[in-house]
>>> print(open('data25.pdb').read())   # PDB, C-alpha atoms and all ligand atoms
ATOM      1  CA  MET A  54      -0.216  -6.064 -17.813  1.00  0.00           C
ATOM      2  CA  LYS A  55       1.101  -6.629 -14.311  1.00  0.00           C
ATOM      3  CA  LYS A  56      -1.485  -8.009 -11.914  1.00  0.00           C
ATOM      4  CA  ARG A  57      -1.222  -7.626  -8.186  1.00  0.00           C
ATOM      5  CA  LYS A  58      -3.358  -8.716  -5.273  1.00  0.00           C
ATOM      6  CA  CYS A  59      -5.242  -5.979  -3.474  1.00  0.00           C
ATOM      7  CA  GLN A  60      -4.838  -6.248   0.287  1.00  0.00           C
ATOM      8  CA  GLY A  61      -8.329  -4.776   0.692  1.00  0.00           C
ATOM      9  CA  CYS A  62     -10.616  -6.925  -1.494  1.00  0.00           C
ATOM     10  CA  LYS A  63      -7.967  -9.647  -2.123  1.00  0.00           C
ATOM     11  CA  GLU A  64      -8.678  -9.617  -5.882  1.00  0.00           C
ATOM     12  CA  LEU A  65      -6.053  -9.529  -8.614  1.00  0.00           C
ATOM     13  CA  LYS A  66      -6.050  -6.195 -10.391  1.00  0.00           C
ATOM     14  CA  ASP A  67      -3.948  -4.236 -12.852  1.00  0.00           C
ATOM     15  CA  ALA A  68      -1.041  -2.844 -10.819  1.00  0.00           C
ATOM     16  CA  ASN A  69      -1.318   0.475 -12.661  1.00  0.00           C
ATOM     17  CA  LEU A  70      -4.726   1.037 -11.079  1.00  0.00           C
ATOM     18  CA  MET A  71      -3.519   0.516  -7.530  1.00  0.00           C
ATOM     19  CA  HIS A  72      -1.642   2.272  -4.797  1.00  0.00           C
ATOM     20  CA  LYS A  73       1.687   0.657  -4.100  1.00  0.00           C
ATOM     21  CA  ILE A  74       3.345   0.823  -0.710  1.00  0.00           C
ATOM     22  CA  THR A  75       6.959  -0.279  -0.676  1.00  0.00           C
ATOM     23  CA  ARG A  76       9.287  -0.952   2.200  1.00  0.00           C
ATOM     24  CA  GLU A  77      12.730  -0.222   0.848  1.00  0.00           C
ATOM     25  CA  PHE A  78      15.213  -3.035   1.461  1.00  0.00           C
ATOM     26  CA  LYS A  79      18.157  -0.760   2.167  1.00  0.00           C
ATOM     27  CA  SER A  80      16.626   1.804   4.526  1.00  0.00           C
ATOM     28  CA  GLY A  81      13.531   0.002   5.791  1.00  0.00           C
ATOM     29  CA  LYS A  82      11.554   3.162   4.973  1.00  0.00           C
ATOM     30  CA  LEU A  83       8.027   3.036   3.614  1.00  0.00           C
ATOM     31  CA  TYR A  84       7.086   4.814   0.405  1.00  0.00           C
ATOM     32  CA  LEU A  85       3.654   5.436  -1.089  1.00  0.00           C
ATOM     33  CA  ASN A  86       3.695   5.009  -4.878  1.00  0.00           C
ATOM     34  CA  PRO A  87       7.490   5.147  -5.200  1.00  0.00           C
ATOM     35  CA  GLY A  88       9.372   5.461  -8.447  1.00  0.00           C
ATOM     36  CA  PRO A  89      11.134   2.454 -10.036  1.00  0.00           C
ATOM     37  CA  LYS A  90      14.366   3.160  -8.148  1.00  0.00           C
ATOM     38  CA  VAL A  91      12.915   2.144  -4.786  1.00  0.00           C
ATOM     39  CA  LEU A  92      13.552  -1.570  -4.386  1.00  0.00           C
ATOM     40  CA  GLY A  93      11.796  -3.474  -1.673  1.00  0.00           C
ATOM     41  CA  ARG A  94       8.839  -5.496  -0.539  1.00  0.00           C
ATOM     42  CA  SER A  95       5.502  -4.068  -1.624  1.00  0.00           C
ATOM     43  CA  ALA A  96       1.831  -4.213  -0.746  1.00  0.00           C
ATOM     44  CA  TYR A  97      -0.898  -3.100  -3.141  1.00  0.00           C
ATOM     45  CA  VAL A  98      -4.392  -1.703  -2.649  1.00  0.00           C
ATOM     46  CA  CYS A  99      -7.080  -0.596  -5.120  1.00  0.00           C
ATOM     47  CA  LYS A 100      -7.628   3.129  -5.518  1.00  0.00           C
ATOM     48  CA  ASN A 101     -11.025   3.109  -3.868  1.00  0.00           C
ATOM     49  CA  LYS A 102     -12.146   4.049  -0.393  1.00  0.00           C
ATOM     50  CA  GLU A 103     -13.536   0.655   0.571  1.00  0.00           C
ATOM     51  CA  CYS A 104     -10.298  -1.165  -0.192  1.00  0.00           C
ATOM     52  CA  ILE A 105      -8.130   1.441   1.505  1.00  0.00           C
ATOM     53  CA  LYS A 106     -10.353   1.339   4.608  1.00  0.00           C
ATOM     54  CA  GLU A 107     -10.080  -2.441   4.697  1.00  0.00           C
ATOM     55  CA  PHE A 108      -6.334  -2.195   4.132  1.00  0.00           C
ATOM     56  CA  LEU A 109      -5.983   0.124   7.146  1.00  0.00           C
ATOM     57  CA  LYS A 110      -8.383  -1.850   9.329  1.00  0.00           C
ATOM     58  CA  ARG A 111      -6.422  -5.070   8.818  1.00  0.00           C
ATOM     59  CA  LYS A 112      -3.150  -3.392   9.754  1.00  0.00           C
ATOM     60  CA  THR A 113      -1.801  -4.642   6.443  1.00  0.00           C
ATOM     61  CA  LEU A 114       1.428  -2.690   6.535  1.00  0.00           C
ATOM     62  CA  LYS A 115       2.395  -4.217   9.833  1.00  0.00           C
ATOM     63  CA  LYS A 116       1.500  -7.743   8.718  1.00  0.00           C
ATOM     64  CA  VAL A 117       2.616  -7.757   5.082  1.00  0.00           C
ATOM     65  CA  LEU A 118       5.602  -5.440   5.226  1.00  0.00           C
ATOM     66  CA  LYS A 119       6.681  -6.445   8.756  1.00  0.00           C
ATOM     67  CA  THR A 120       7.260  -2.971  10.053  1.00  0.00           C
ATOM     68  CA  ASN A 121       5.954  -0.867  12.904  1.00  0.00           C
ATOM     69  CA  GLU A 122       6.835   2.413  11.212  1.00  0.00           C
ATOM     70  CA  THR A 123       3.455   2.608   9.514  1.00  0.00           C
ATOM     71  CA  SER A 124       1.854   5.782  10.847  1.00  0.00           C
ATOM     72  CA  GLN A 125       3.050   8.195   8.168  1.00  0.00           C
ATOM     73  CA  ILE A 126       1.850   6.071   5.259  1.00  0.00           C
ATOM     74  CA  GLU A 127      -1.396   5.261   7.055  1.00  0.00           C
ATOM     75  CA  GLN A 128      -2.023   8.974   7.452  1.00  0.00           C
ATOM     76  CA  GLU A 129      -1.318   9.543   3.772  1.00  0.00           C
ATOM     77  CA  LEU A 130      -3.820   6.818   2.879  1.00  0.00           C
ATOM     78  CA  LEU A 131      -6.404   8.299   5.266  1.00  0.00           C
ATOM     79  CA  LYS A 132      -5.900  11.652   3.572  1.00  0.00           C
ATOM     80  CA  ILE A 133      -6.609  10.006   0.209  1.00  0.00           C
ATOM     81  CA  ILE A 134      -9.852   8.568   1.602  1.00  0.00           C
ATOM     82  CA  ILE A 135     -10.956  11.913   3.014  1.00  0.00           C
ATOM     83  CA  GLU A 136      -9.919  14.100   0.089  1.00  0.00           C
ATOM     84  CA  GLY A 137     -10.391  11.665  -2.780  1.00  0.00           C
TER      85      GLY A 137
HETATM   86 ZN    ZN B 201      -9.357  -3.903  -3.795  1.00  0.00          ZN
END
>>> encode(input="data25.pdb", output="structure tokens")
Amino acid sequence: MKKRKCQGCKELKDANLMHKITREFKSGKLYLNPGPKVLGRSAYVCKNKECIKEFLKRKTLKKVLKTNETSQIEQELLKIIIEG
């Protein structure tokens, strides 16, 4: 079982129970829950509203994935909070 650190609550959790956001090495593009073919640096967050809110509040994508192109993924995560 792969464990990853949630960037919301900072606890180690089963990676299968988390959202994964990957910045692809080649293109620099961000992907939410990409397939195994997308290789890059990733940040993880639990699939609950509190962690996602914290993740967004801390500007995690900017800090952990070192990119400014975060708005699309942040909107997708906001949508998950609102609809989920
Ligand atoms: Zn969490």
>>> residues_near_ligand(input="data25.pdb", ligand="ligand ZN 201 (chain B)", cutoff="6 Å", atoms="only C-alpha atoms and all ligand atoms", output="VMD selection string")
chain A and resid 59 61 to 62 98 to 99 104
>>> closest_residue(input="data25.pdb", among="A:Leu65, A:Leu70, A:Leu131, A:Met54", to="Lys106 in chain A", atoms="all atoms listed in the file")
A:Leu131
>>> resolve_selection(input="data25.pdb", expression="the PyMOL selection byres (((chain A and resi 91) around 9) and not hetatm)", output="list in words")
Thr75, Arg76, Glu77, Phe78, Tyr84, Pro87, Gly88, Pro89, Lys90, Leu92 and Gly93 of chain A
>>> closest_residue(input="data25.pdb", among="A:Lys119, A:Lys132, A:Arg94, A:His72", to="Gln60 in chain A", atoms="only C-alpha atoms")
A:His72
>>> axis_aligned_box(input="data25.pdb", around="range 84-96 of chain A", padding_each_side="5 Å", output="JSON")
{"center_x": 8.1, "center_y": 0.0, "center_z": -4.8, "size_x": 22.5, "size_y": 21.0, "size_z": 20.4}
>>> atom_distance(input="data25.pdb", atom1="CA of Glu64 in chain A", atom2="CA of Ile135 in chain A")
23.4 Å
>>> atom_distance(input="data25.pdb", atom1="CA of Ser80 in chain A", atom2="CA of Lys100 in chain A")
26.3 Å
>>> atom_distance(input="data25.pdb", atom1="CA of Val117 in chain A", atom2="CA of Ser95 in chain A")
8.2 Å
>>> closest_residue(input="data25.pdb", among="A:Lys115, A:Asn121, A:Phe108, A:Asn101", to="Ile133 in chain A", atoms="only C-alpha atoms")
A:Asn101
>>> closest_residue(input="data25.pdb", among="A:Leu130, A:Ala68, A:Ile105, A:Leu118", to="Leu85 in chain A", atoms="all atoms listed in the file")
A:Leu130
>>> closest_residue(input="data25.pdb", among="A:Gly137, A:Gln128, A:Lys82, A:Leu109", to="Tyr97 in chain A", atoms="all atoms listed in the file")
A:Leu109
>>> closest_residue(input="data25.pdb", among="A:Lys58, A:Leu83, A:Lys66, A:Glu103", to="Thr123 in chain A", atoms="all atoms listed in the file")
A:Leu83
